[in-house]
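> What follows is a single structure, and I will ask about it in a moment.
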Amino acid sequence: MDYRQIEQKARTRKTVQSVFTYFFLAFWAVIVLFPFYWMILTSVKSYGAYNSEYIPKFYTLSPTLQNYAEAFSAVSLGRYLLNTVVFTVITTTVMMIVITLAAFAFARLEFRGKNIVFLLFLSLMMIPNELVIITNFVTVTNLNMRNTFAGLILPSVTSVFYIYLLKENFEQVSDSLYYAAKVDGTSDFKYLLKVLIPISKPTLITIAILKVIECWNSYVWPRLITDDEKYFLVSNGIQEIRENGFGRENIPAMMAAVVVISVPLIVLFLIFRNKIMAGVSRGGLKG
């Protein structure tokens with residue numbers, strides 16, 4: 001067997017592997033994306049057309065946007081979206097400030113009992129969320145902050161896991177940069193703003209996007225702490241639509257509301273997908 005035959009066999013084997021890999025990825029993509037396709041398809045079917053389908057159809061010849069109009073007219077979906085945007089933006093902004101300062105303190109500053117305090121922080125991750133929710137509910141109720149944005153926001157402005165993640169990221173930056181900055185007379189706060197934050201930008205963006213998704217999908221806490229429609233988020237809105245809107249039977253209108261709620265997160269991911277991947281895969285700088 002000469003060299004050309006060996007090369008031909010290797011090329012054929014590589015082609016077969018590539019075809020199998022892309023086929024598997026395409027098959028898996030169809031499985032993952034099908035629920036989104038079905039959600040959008042159902043949202044553009046009329047109520048009568050949907051109920052007349054004894055066997056579900058994977059297409060429609062008469063799409064309609066009436067369901068989207070019903071989604072906004074049956075309940076205050078616009079208000080729910082605005083409330084969710086306000087809640088998400090304020091919560092994410094405050095949390096990013098808190099975790100950045102906390103991570104920097106644990107990563108670069110020296111103070112008595114730092115390791116013990118950080119260990120206590122990590123131990124909080126072992127507490128079940130149910131217990132935290134109960135404690136937060138009692139605290140917020142005692143402070144008369146139910147049915148307020150402050151009551152919605154305050155329990156979510158920090159995260160032990162994100163502090164830990166960002167601390168590890170900061171510690172991977174070479175110590176020589178920190179010592180050089182101190183020799184030049186740079187303050188710790190300026191070093192954080194001018195050096196650490198730009199270097200850790202992919203991780204910070206990833207954390208921010210994950211927090212936005214968490215806030216947007218938040219259900220238990222908003223449902224527990226608010227019973228005034230003026231403070232409902234989109235998660236409450238879906239339940240409100242089912243109970244006091246167009247009911248549980250109008251599935252197309254329900255799917256239209258879900259599409260409206262899901263679009264912002266999908267757009268956010270499409271815009272920042274490269275940043276998310278960079279933040280996830282980034283190992284940081286090592287000294």
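Numbering starts fresh at 1 for the residues of each chain in the structure tokens, the chains themselves are lettered A, B, ... in the order given, and ligands are numbered from 1 as they appear.
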Show which residues sit within 9 Å of region 25-42 of chain A, as a PyMOL selection string. Count only C-alpha atoms, and ignore same-chain residues fewer than 2 positions away.
chain A and resi 20-23+44-46+50+58-60+63+251-253+255-256+258-259
> Go ahead and save the residues from that selection, with N, CA and C atoms, as a PDB file, in the first residue's frame.

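Output file part30.pdb follows:
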```
ATOM      1  N   PHE A  20     -20.813  12.311  10.110  1.00  0.00           N
ATOM      2  CA  PHE A  20     -21.503  11.781  11.279  1.00  0.00           C
ATOM      3  C   PHE A  20     -21.641  12.855  12.357  1.00  0.00           C
ATOM      4  N   THR A  21     -20.568  13.622  12.572  1.00  0.00           N
ATOM      5  CA  THR A  21     -20.606  14.669  13.600  1.00  0.00           C
ATOM      6  C   THR A  21     -21.650  15.725  13.268  1.00  0.00           C
ATOM      7  N   TYR A  22     -21.650  16.211  12.026  1.00  0.00           N
ATOM      8  CA  TYR A  22     -22.601  17.256  11.643  1.00  0.00           C
ATOM      9  C   TYR A  22     -24.028  16.721  11.624  1.00  0.00           C
ATOM     10  N   PHE A  23     -24.200  15.474  11.269  1.00  0.00           N
ATOM     11  CA  PHE A  23     -25.536  14.880  11.303  1.00  0.00           C
ATOM     12  C   PHE A  23     -26.050  14.818  12.738  1.00  0.00           C
ATOM     13  N   VAL A  44     -49.303  31.793  16.245  1.00  0.00           N
ATOM     14  CA  VAL A  44     -49.861  32.436  15.049  1.00  0.00           C
ATOM     15  C   VAL A  44     -51.047  31.648  14.488  1.00  0.00           C
ATOM     16  N   LYS A  45     -51.504  30.629  15.203  1.00  0.00           N
ATOM     17  CA  LYS A  45     -52.710  29.904  14.803  1.00  0.00           C
ATOM     18  C   LYS A  45     -53.915  30.528  15.483  1.00  0.00           C
ATOM     19  N   SER A  46     -55.016  30.593  14.790  1.00  0.00           N
ATOM     20  CA  SER A  46     -56.240  31.111  15.394  1.00  0.00           C
ATOM     21  C   SER A  46     -56.769  30.102  16.409  1.00  0.00           C
ATOM     22  N   TYR A  50     -56.687  26.045  15.891  1.00  0.00           N
ATOM     23  CA  TYR A  50     -55.947  25.201  16.829  1.00  0.00           C
ATOM     24  C   TYR A  50     -56.843  24.111  17.411  1.00  0.00           C
ATOM     25  N   PHE A  58     -47.799  20.685  11.649  1.00  0.00           N
ATOM     26  CA  PHE A  58     -46.511  21.344  11.828  1.00  0.00           C
ATOM     27  C   PHE A  58     -46.388  22.598  10.980  1.00  0.00           C
ATOM     28  N   TYR A  59     -47.501  23.119  10.491  1.00  0.00           N
ATOM     29  CA  TYR A  59     -47.511  24.333   9.687  1.00  0.00           C
ATOM     30  C   TYR A  59     -48.902  24.932   9.768  1.00  0.00           C
ATOM     31  N   THR A  60     -49.019  26.164   9.299  1.00  0.00           N
ATOM     32  CA  THR A  60     -50.323  26.812   9.196  1.00  0.00           C
ATOM     33  C   THR A  60     -50.356  27.639   7.913  1.00  0.00           C
ATOM     34  N   PRO A  63     -51.726  32.226   9.070  1.00  0.00           N
ATOM     35  CA  PRO A  63     -51.197  32.787  10.322  1.00  0.00           C
ATOM     36  C   PRO A  63     -51.924  34.081  10.695  1.00  0.00           C
ATOM     37  N   ILE A 251     -54.847  28.321  24.257  1.00  0.00           N
ATOM     38  CA  ILE A 251     -53.416  28.018  24.193  1.00  0.00           C
ATOM     39  C   ILE A 251     -52.686  28.920  23.203  1.00  0.00           C
ATOM     40  N   PRO A 252     -53.230  29.225  22.009  1.00  0.00           N
ATOM     41  CA  PRO A 252     -52.511  30.117  21.084  1.00  0.00           C
ATOM     42  C   PRO A 252     -52.199  31.482  21.691  1.00  0.00           C
ATOM     43  N   ALA A 253     -53.160  32.077  22.400  1.00  0.00           N
ATOM     44  CA  ALA A 253     -52.903  33.372  23.027  1.00  0.00           C
ATOM     45  C   ALA A 253     -51.861  33.245  24.137  1.00  0.00           C
ATOM     46  N   MET A 255     -49.405  31.075  24.171  1.00  0.00           N
ATOM     47  CA  MET A 255     -48.120  30.935  23.506  1.00  0.00           C
ATOM     48  C   MET A 255     -47.632  32.274  22.963  1.00  0.00           C
ATOM     49  N   ALA A 256     -48.546  33.132  22.537  1.00  0.00           N
ATOM     50  CA  ALA A 256     -48.165  34.461  22.071  1.00  0.00           C
ATOM     51  C   ALA A 256     -47.541  35.264  23.211  1.00  0.00           C
ATOM     52  N   VAL A 258     -46.046  34.016  25.820  1.00  0.00           N
ATOM     53  CA  VAL A 258     -44.751  33.403  26.125  1.00  0.00           C
ATOM     54  C   VAL A 258     -43.702  33.844  25.111  1.00  0.00           C
ATOM     55  N   VAL A 259     -44.073  33.953  23.833  1.00  0.00           N
ATOM     56  CA  VAL A 259     -43.138  34.431  22.810  1.00  0.00           C
ATOM     57  C   VAL A 259     -42.689  35.849  23.133  1.00  0.00           C
TER      58      VAL A 259
END
```
> As a VMD selection string, please: all residues of region 9-198 of chain A that backbone DSSP puts in helix (DSSP H, G or I).
chain A and resid 9 to 43 47 to 51 66 to 74 77 to 108 114 to 126 129 to 142 149 to 156 160 to 171 175 to 183 188 to 198
> Which residues, written as a ChimeraX atom specification, have at least one atom at most 9 Å from region 178-184 of chain A, with only C-alpha atoms counted and residues fewer than 5 positions away on the same chain left out?
/A:108,173,191,195
> What does the structure give for the distance between CA of Met254 (chain A) and CA of Pro56 (chain A), in Å to one decimal?
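Taking CA of Met254 (chain A) as the start and CA of Pro56 (chain A) as the end point, the length is 17.0 Å.
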> Between A:Thr84, A:Thr91, A:Thr206, A:Ser187, single out the one closest to Asn274 (chain A), counting only C-alpha atoms.
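With only C-alpha atoms as the atom set, the closest residue is A:Thr206.
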> Could you work out how far CA of Gly78 (chain A) lies from CA of Gln66 (chain A), giving the answer in Å with one decimal?
16.2 Å
> List the neighbours of Glu229 (chain A) out to 10 Å using only C-alpha atoms; skip same-chain residues closer than 3 positions along the sequence, and give me the result as a short mmCIF file (atom, residue, chain, number, x, y, z; two decimals) with N, CA, C and O atoms, in the first residue's frame.

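After the write, out.cif holds the following:
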```cif
data_model
loop_
_atom_site.label_atom_id
_atom_site.label_comp_id
_atom_site.auth_asym_id
_atom_site.auth_seq_id
_atom_site.Cartn_x
_atom_site.Cartn_y
_atom_site.Cartn_z
N VAL A 75 -54.58 41.17 29.85
CA VAL A 75 -53.97 41.61 31.10
C VAL A 75 -52.98 42.72 30.77
O VAL A 75 -52.74 43.04 29.61
N SER A 76 -52.38 43.30 31.81
CA SER A 76 -51.42 44.40 31.61
C SER A 76 -50.04 43.84 31.32
O SER A 76 -49.08 44.03 32.09
N ARG A 79 -47.23 46.40 31.25
CA ARG A 79 -46.77 46.80 32.58
C ARG A 79 -45.86 45.74 33.18
O ARG A 79 -44.84 46.05 33.82
N TYR A 80 -46.22 44.47 33.00
CA TYR A 80 -45.39 43.39 33.53
C TYR A 80 -44.00 43.43 32.91
O TYR A 80 -42.99 43.23 33.61
N ASN A 147 -44.82 44.28 48.23
CA ASN A 147 -45.41 45.07 47.14
C ASN A 147 -44.64 46.36 46.90
O ASN A 147 -45.21 47.44 46.70
N THR A 226 -45.27 39.70 46.24
CA THR A 226 -46.18 40.68 45.63
C THR A 226 -47.54 40.05 45.38
O THR A 226 -47.64 38.94 44.87
N PHE A 232 -46.31 43.24 39.52
CA PHE A 232 -46.14 41.92 38.93
C PHE A 232 -45.03 41.93 37.87
O PHE A 232 -44.91 42.88 37.10
N LEU A 233 -44.26 40.86 37.86
CA LEU A 233 -43.28 40.65 36.80
C LEU A 233 -43.87 39.71 35.76
O LEU A 233 -45.00 39.23 35.90
N ASN A 236 -45.15 36.45 37.04
CA ASN A 236 -46.48 36.57 37.62
C ASN A 236 -47.53 36.76 36.54
O ASN A 236 -48.67 36.30 36.66
N GLY A 237 -47.12 37.46 35.47
CA GLY A 237 -48.06 37.75 34.40
C GLY A 237 -48.59 36.51 33.73
O GLY A 237 -49.77 36.44 33.37
N GLU A 240 -51.17 35.16 35.91
CA GLU A 240 -52.33 36.04 35.87
C GLU A 240 -53.13 35.83 34.59
O GLU A 240 -54.37 35.86 34.59
#
```
> Select, from A:Leu165, A:Ala102, A:Val234, A:Val138, the residue with the minimum atom-to-atom distance to Thr203 (chain A), counting only C-alpha atoms.
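Counting only C-alpha atoms, the residue closest to Thr203 (chain A) is A:Leu165.
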> Skipping near chain neighbours, those fewer than 6 positions away, what residues fall within 7 Å of region 155-162 of chain A using only C-alpha atoms, listed as a VMD selection string?
chain A and resid 91 94 to 95 98 to 99 121 to 122 125 136
> From the options A:Gln172, A:Val16, A:Tyr164, A:Leu65, which residue's atoms come nearest to Ser123 (chain A), counting only C-alpha atoms?
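The answer is A:Tyr164, which sits nearest to Ser123 (chain A).
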> Do you have the CA of Ile90 (chain A)-CA of Gly151 (chain A) distance handy?
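Separating CA of Ile90 (chain A) from CA of Gly151 (chain A) is a distance of 12.4 Å.
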> Which one is closest to Ile134 (chain A): A:Ile116, A:Pro202, A:Leu224, A:Ile153? Count only C-alpha atoms.
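Result for the nearest residue to Ile134 (chain A): A:Leu224.
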> Name the residues in contact with Ala107 (chain A) at a cut-off of 10 Å, using only C-alpha atoms, excluding same-chain residues fewer than 4 positions from it; report them as JSON, numbers by chain.
{"A": [101, 102, 103, 114, 164, 166, 167, 168, 169, 170, 171, 172]}
> Kindly indicate which residue among A:Val263, A:Leu268, A:Ile238, A:Leu193 lies nearest to Leu210 (chain A), using only C-alpha atoms for the distances.
A:Leu268
